[in-house]
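Only one structure is covered here, and it is reproduced in the block below.
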Amino acid sequence: MQKKIFLIADTHFSDSNIIIYENRPFSSVSDMDSMLVKNWNDTVSENDTVFLLGDLSFCNKEKTAEICHSLNGEKFLVMGNHDTENEQFYYECGFSGVSRYPIIYNNFWILSHEPLYINKNMPYANIFGHVHGNPIYKDVSERSFCVSVERINYTPIEISEIQRRILEKEY
């Protein structure tokens, strides 16, 4: 079985305010957390890799660790503005890699929490989160793709789908 690569951002596990701020379609934190975990585990196998591009959770350390350990796949975290614990904590939660800064994946994709300035003359494209449903930012463009959960049906999205949508100019 071929290993797949997935991306997701802004899960905000156990954050009751995000349901209101982003008009998320959940009746409670419990409902939201359950759906996010279910969608993740229905999509990602234990052999797959997931890059979480920031803003993991708003719960105590024990609950965050419990949620993280329940999620399938090898997990990498690019820390967001709400990921305030030290890097070691996230390793203890089961992440294989943790970075406070954007990372370059496969010599082309800049994975970041916040959107970065990328122009057509640069040899990169940016996959980001942070902006949630803000209409100022497009879901996809020639050089960028937003993986905030509100834009990807609260489900990790495979990098091959991101590539397809950019190449087919679905924006």
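Residues are named by chain letter and number: chains run A, B, ... in the order of the structure tokens, numbers start at 1 in each chain, and ligands are numbered from 1 in the order shown.
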
Could you give me, as an NGL selection string, the residues within 9 Å of range 132-135 of chain A, counting only C-alpha atoms and dropping anything in the same chain fewer than 6 positions from it?
:A and (9-10 or 22 or 146-151)

Keeping N, CA, C and O atoms, export the residues of the selection given above as a PDB file, in the first residue's frame.
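File written: result_37.pdb
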```pdb
ATOM      1  N   ALA A   9      -5.374  22.142   8.563  1.00  0.00           N
ATOM      2  CA  ALA A   9      -4.984  23.229   9.479  1.00  0.00           C
ATOM      3  C   ALA A   9      -6.194  23.679  10.284  1.00  0.00           C
ATOM      4  O   ALA A   9      -7.340  23.490   9.875  1.00  0.00           O
ATOM      5  N   ASP A  10      -5.901  24.266  11.408  1.00  0.00           N
ATOM      6  CA  ASP A  10      -6.915  24.960  12.216  1.00  0.00           C
ATOM      7  C   ASP A  10      -7.992  24.039  12.768  1.00  0.00           C
ATOM      8  O   ASP A  10      -9.176  24.395  12.798  1.00  0.00           O
ATOM      9  N   GLU A  22     -16.304  31.134  13.443  1.00  0.00           N
ATOM     10  CA  GLU A  22     -16.235  30.658  12.057  1.00  0.00           C
ATOM     11  C   GLU A  22     -17.528  29.999  11.597  1.00  0.00           C
ATOM     12  O   GLU A  22     -17.559  29.377  10.543  1.00  0.00           O
ATOM     13  N   CYS A 146      -5.330  26.802   0.500  1.00  0.00           N
ATOM     14  CA  CYS A 146      -5.669  26.930   1.914  1.00  0.00           C
ATOM     15  C   CYS A 146      -6.278  25.625   2.427  1.00  0.00           C
ATOM     16  O   CYS A 146      -7.239  25.116   1.853  1.00  0.00           O
ATOM     17  N   VAL A 147      -5.706  25.100   3.511  1.00  0.00           N
ATOM     18  CA  VAL A 147      -6.206  23.857   4.104  1.00  0.00           C
ATOM     19  C   VAL A 147      -6.845  24.083   5.478  1.00  0.00           C
ATOM     20  O   VAL A 147      -6.929  23.162   6.287  1.00  0.00           O
ATOM     21  N   SER A 148      -7.328  25.302   5.737  1.00  0.00           N
ATOM     22  CA  SER A 148      -8.123  25.515   6.946  1.00  0.00           C
ATOM     23  C   SER A 148      -9.317  24.572   6.864  1.00  0.00           C
ATOM     24  O   SER A 148      -9.917  24.414   5.794  1.00  0.00           O
ATOM     25  N   VAL A 149      -9.680  23.950   7.982  1.00  0.00           N
ATOM     26  CA  VAL A 149     -10.719  22.914   7.962  1.00  0.00           C
ATOM     27  C   VAL A 149     -12.035  23.378   7.342  1.00  0.00           C
ATOM     28  O   VAL A 149     -12.734  22.585   6.704  1.00  0.00           O
ATOM     29  N   GLU A 150     -12.368  24.641   7.509  1.00  0.00           N
ATOM     30  CA  GLU A 150     -13.621  25.153   6.959  1.00  0.00           C
ATOM     31  C   GLU A 150     -13.651  25.050   5.434  1.00  0.00           C
ATOM     32  O   GLU A 150     -14.715  25.005   4.831  1.00  0.00           O
ATOM     33  N   ARG A 151     -12.495  25.016   4.800  1.00  0.00           N
ATOM     34  CA  ARG A 151     -12.403  25.002   3.336  1.00  0.00           C
ATOM     35  C   ARG A 151     -12.256  23.600   2.755  1.00  0.00           C
ATOM     36  O   ARG A 151     -12.328  23.427   1.544  1.00  0.00           O
TER      37      ARG A 151
END
```

Residue contacts of Ser45 in chain A (9 Å, only C-alpha atoms) excluding same-chain residues fewer than 2 positions away, as an MDAnalysis selection string:
chainID A and resid 3:4 40:43 47:49 72:73

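In this comparison, which uses only C-alpha atoms, the residue of A:Ile127, A:Leu36, A:Cys93, A:Leu52 approaching Ala65 in chain A most closely is A:Cys93.
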
Write out as a ChimeraX atom specification the set of residues from range 97-156 of chain A that DSSP, computed on the backbone, places in strand (DSSP E or B).
/A:97-99,103-105,109-111,125-128,140-141,144-146,148

Please provide as number ranges by chain all residues within 8 Å of range 86-88 of chain A, with the sequence filter that same-chain residues fewer than 3 positions apart are discarded (counting only C-alpha atoms).
A: 91-92, 98-99

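The closest residue to Asn121 in chain A, picked from A:Thr84, A:Lys63, A:Glu142, A:Phe95 and counting only C-alpha atoms, is A:Glu142.
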
Write out as JSON lines a residue-level contact list of range 44-103 of chain A versus range 27-34 of chain A with cut-off 12 Å: for each qualifying residue the closest pair of atoms and the distance in Å to one decimal, counting only C-alpha atoms, rows sorted by chain and residue number upward.
```
{"residue": "A:Leu56", "atom": "CA", "partner": "A:Asp33", "partner_atom": "CA", "distance": 11.2}
{"residue": "A:Ser57", "atom": "CA", "partner": "A:Asp33", "partner_atom": "CA", "distance": 9.8}
{"residue": "A:Phe58", "atom": "CA", "partner": "A:Val29", "partner_atom": "CA", "distance": 10.5}
{"residue": "A:Cys59", "atom": "CA", "partner": "A:Val29", "partner_atom": "CA", "distance": 10.6}
{"residue": "A:Lys63", "atom": "CA", "partner": "A:Asp33", "partner_atom": "CA", "distance": 11.0}
{"residue": "A:Thr64", "atom": "CA", "partner": "A:Asp33", "partner_atom": "CA", "distance": 10.9}
{"residue": "A:Glu66", "atom": "CA", "partner": "A:Asp33", "partner_atom": "CA", "distance": 11.7}
{"residue": "A:Ile67", "atom": "CA", "partner": "A:Asp33", "partner_atom": "CA", "distance": 8.6}
{"residue": "A:Cys68", "atom": "CA", "partner": "A:Asp33", "partner_atom": "CA", "distance": 11.3}
{"residue": "A:Ser70", "atom": "CA", "partner": "A:Ser34", "partner_atom": "CA", "distance": 10.8}
{"residue": "A:Leu71", "atom": "CA", "partner": "A:Ser34", "partner_atom": "CA", "distance": 11.2}
```
